[in-house]
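Peer 1: Please read through the structure below; I'll follow up with questions.
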Amino acid sequence: MKPPPTNRLLDAHERLIVHYNINRWHWTEDTGPLDICLGALLVQHTSWANVETALTRLREAGAHSIEALLKLSETEIGALILPAGMPVGKSRRLKVFAELVASHGGFEGLFDRPAVELRTLLLGTYGIGPETADVIVLYAAKHPGVVHDAYTARLCGRLGIGPGTNRYEDWRAWLEATLPYDLDYRRRNHAAIVVHCKELCRTKPLCNACPLRDICEYVSEVLDGAGK
DNA sequence: ACCCAGGGTCATA
DNA sequence: TATGACCATGGG
C-alpha cells in the first residue's frame, strides 16, 4: 500500500500543500526582506510567537528599518526585542546585520550577486549560521536554494528519509539533490513543512488527521509515547 | 517545576 | 571533528 518508489519528500509536499491550503503563512510573497531577515535572526532557538511580539515592538518604536537599527544602541535594541529572548546576543546580531546591509547600499545591493557568493558573505557575518543564511537566500534574496531546520529533520525522520547524518551540509546537499530546482517550489515546500510541524505534527504526532499518516514511520514516537 | 523552541558562538579534547 | 555550556523569554 505504500506509494510507488517515488520521492517521499515530494509526495509529502503535495499532500501538505493541499491539506493546509498553503497560500498564507507568516512570510508571504509580499513580505519585505527586512521582516524576513529580522525574523530569521530572532527566531533562532525561539518560538515564532515571541518573534512576532518582538517585531511588533520594533515597529511601534519606529525601529523597524535598517537606518533606525544603525542609530540605536545594542542596549536599546535589546530592550525592544526582549520577548524573543537572548537580548544581548540578538541585539548585536541585528546591529551587525544592519551594518552589513548598509555597507552594500541596501538589500538590492546585498542580494545582487550569485547565491553561492551571497551565502558565503552571510556565513561570514556574526550571528548568521547555515540555516539563517539559507533562509535569507531563499526567502529574502529569492534564489532557489534549500533550507534545512529542525522541522525538516523531524519530518524526514518520520518519513524515514534523509542523508543519514546530522551535519547541516550533508542535509543541504541531500535537499539540493532531492528538491526540484525551482524557487517557488522550494519556498512552498519549506513553508509547508513549517506549517505542518507547527499546527499538527509536534503536538499530535499520532493525530488521525495527519495527512501523512500512511507514509510516516512513527516508530520512535510510538515507543516514546508508550513509555517503552 | 520542568521542558522546549525553525540556531549560533565559543571553549575544550 | 565533535560535543557541551551558554544565551533567556514565554507557552505547554
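Naming works like this for the C-alpha cells: A, B, ... for the chains as they're shown, residue 1 at the start of each chain, ligands 1 onward in shown order.
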Tell me as a ChimeraX atom specification which residues belonging to chain C come within 8 Å of chain A, counting only C-alpha atoms (C1' of nucleotides).
Peer 2: /C:7-10
Peer 1: Would you write out those residues with N, CA and C atoms (P, O5', C5', C4', C3', O3' and C1' of nucleotides), as a CSV table (one decimal), in the first residue's frame?
Peer 2:
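Written output follows (part.csv):
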chain,number,residue,atom,x,y,z
C,7,DC,P,24.3,32.3,30.4
C,7,DC,O5',23.5,33.0,29.2
C,7,DC,C5',24.3,33.8,28.2
C,7,DC,C4',23.5,33.9,26.9
C,7,DC,C3',22.1,34.4,27.1
C,7,DC,O3',21.8,35.4,26.2
C,7,DC,C1',22.1,32.5,25.7
C,8,DA,P,21.2,36.8,26.7
C,8,DA,O5',19.7,36.4,26.9
C,8,DA,C5',19.2,36.3,28.2
C,8,DA,C4',17.7,36.1,28.1
C,8,DA,C3',16.9,35.9,29.4
C,8,DA,O3',15.6,36.4,29.1
C,8,DA,C1',16.7,34.0,28.0
C,9,DT,P,14.7,36.8,30.4
C,9,DT,O5',13.3,37.0,29.7
C,9,DT,C5',13.2,37.6,28.4
C,9,DT,C4',12.2,36.9,27.5
C,9,DT,C3',10.9,36.6,28.3
C,9,DT,O3',9.8,37.1,27.5
C,9,DT,C1',11.7,34.6,27.3
C,10,DG,P,8.4,37.3,28.2
C,10,DG,O5',7.6,36.1,27.6
C,10,DG,C5',7.4,35.9,26.3
C,10,DG,C4',6.7,34.6,26.0
C,10,DG,C3',5.5,34.2,26.8
C,10,DG,O3',4.6,33.5,26.0
C,10,DG,C1',7.1,32.5,27.1
Peer 1: Could you produce a table of the residues of chain A lying within 10 Å of chain B, with the nearest pair of atoms per residue and their separation in Å rounded to one decimal, using only C-alpha atoms (C1' of nucleotides), ordered by chain and increasing residue number, as a tab-separated table?
Peer 2:
residue	atom	partner	partner_atom	distance
A:Ala40	CA	B:DG6	C1'	8.6
A:Leu41	CA	B:DG7	C1'	8.7
A:Leu42	CA	B:DG7	C1'	9.7
A:Val43	CA	B:DG6	C1'	6.8
A:Gln44	CA	B:DG7	C1'	4.6
A:His45	CA	B:DA5	C1'	5.3
A:Thr46	CA	B:DA5	C1'	4.6
A:Ser47	CA	B:DA5	C1'	4.8
A:Trp48	CA	B:DG6	C1'	8.2
A:Asn50	CA	B:DA5	C1'	9.9
A:Gly89	CA	B:DT9	C1'	9.6
A:Tyr126	CA	B:DT9	C1'	8.7
A:Gly127	CA	B:DG8	C1'	5.9
A:Ile128	CA	B:DG8	C1'	7.1
A:Gly129	CA	B:DG8	C1'	6.1
A:Pro130	CA	B:DG7	C1'	9.0
A:Glu131	CA	B:DG7	C1'	7.6
A:Thr132	CA	B:DG7	C1'	7.9
A:His148	CA	B:DG6	C1'	9.1
A:Asp149	CA	B:DG6	C1'	5.9
A:Ala150	CA	B:DG6	C1'	6.1
A:Tyr151	CA	B:DG6	C1'	6.4
A:Thr152	CA	B:DG6	C1'	8.9
A:Val194	CA	B:DG6	C1'	7.4
A:Cys197	CA	B:DG6	C1'	9.6
A:Lys198	CA	B:DG6	C1'	9.5
Peer 1: Store the residues of this selection in a file with C-alpha atoms, as a short mmCIF file (atom, residue, chain, number, x, y, z; two decimals), in the first residue's frame.
Peer 2:
data_model
loop_
_atom_site.label_atom_id
_atom_site.label_comp_id
_atom_site.auth_asym_id
_atom_site.auth_seq_id
_atom_site.Cartn_x
_atom_site.Cartn_y
_atom_site.Cartn_z
CA ALA A 40 15.25 34.69 10.67
CA LEU A 41 17.67 36.14 13.18
CA LEU A 42 15.17 36.47 16.01
CA VAL A 43 13.65 33.01 15.62
CA GLN A 44 16.91 31.25 16.42
CA HIS A 45 16.04 28.75 19.15
CA THR A 46 12.88 30.71 19.87
CA SER A 47 9.18 30.22 19.28
CA TRP A 48 7.63 32.26 16.50
CA ASN A 50 7.82 35.53 20.73
CA GLY A 89 23.31 38.31 21.54
CA TYR A 126 28.29 37.32 13.15
CA GLY A 127 25.14 35.51 14.19
CA ILE A 128 24.38 34.04 10.79
CA GLY A 129 24.92 30.30 10.57
CA PRO A 130 23.97 27.91 7.76
CA GLU A 131 20.23 27.84 8.39
CA THR A 132 19.79 31.57 8.80
CA HIS A 148 17.32 22.66 6.49
CA ASP A 149 15.97 23.06 10.00
CA ALA A 150 14.70 21.14 13.00
CA TYR A 151 11.27 20.74 11.38
CA THR A 152 12.73 19.28 8.22
CA VAL A 194 6.82 24.61 8.91
CA CYS A 197 5.03 20.91 12.25
CA LYS A 198 3.61 23.95 13.98
#
Peer 1: Between CA of Ile81 in chain A and CA of Leu138 in chain A, what distance in Å does the model show, to one decimal?
Peer 2: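 Spanning CA of Ile81 in chain A to CA of Leu138 in chain A is a straight-line distance of 24.4 Å.
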Peer 1: From a DSSP pass on the backbone, collect the residues of chain A flagged as helix (DSSP H, G or I) and hand them back as a PyMOL selection string.
Peer 2: chain A and resi 8-20+33-42+48-60+66-71+74-80+82-84+87-103+107-111+115-123+130-140+150-159+168-178+183-201+219-225
Peer 1: Looking at A:Val101, A:Cys201, A:Leu80, A:Cys37, which one is nearest to Leu58 in chain A, with distances taken over only C-alpha atoms?
Peer 2: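 Smallest separation from Leu58 in chain A among the options: A:Leu80.
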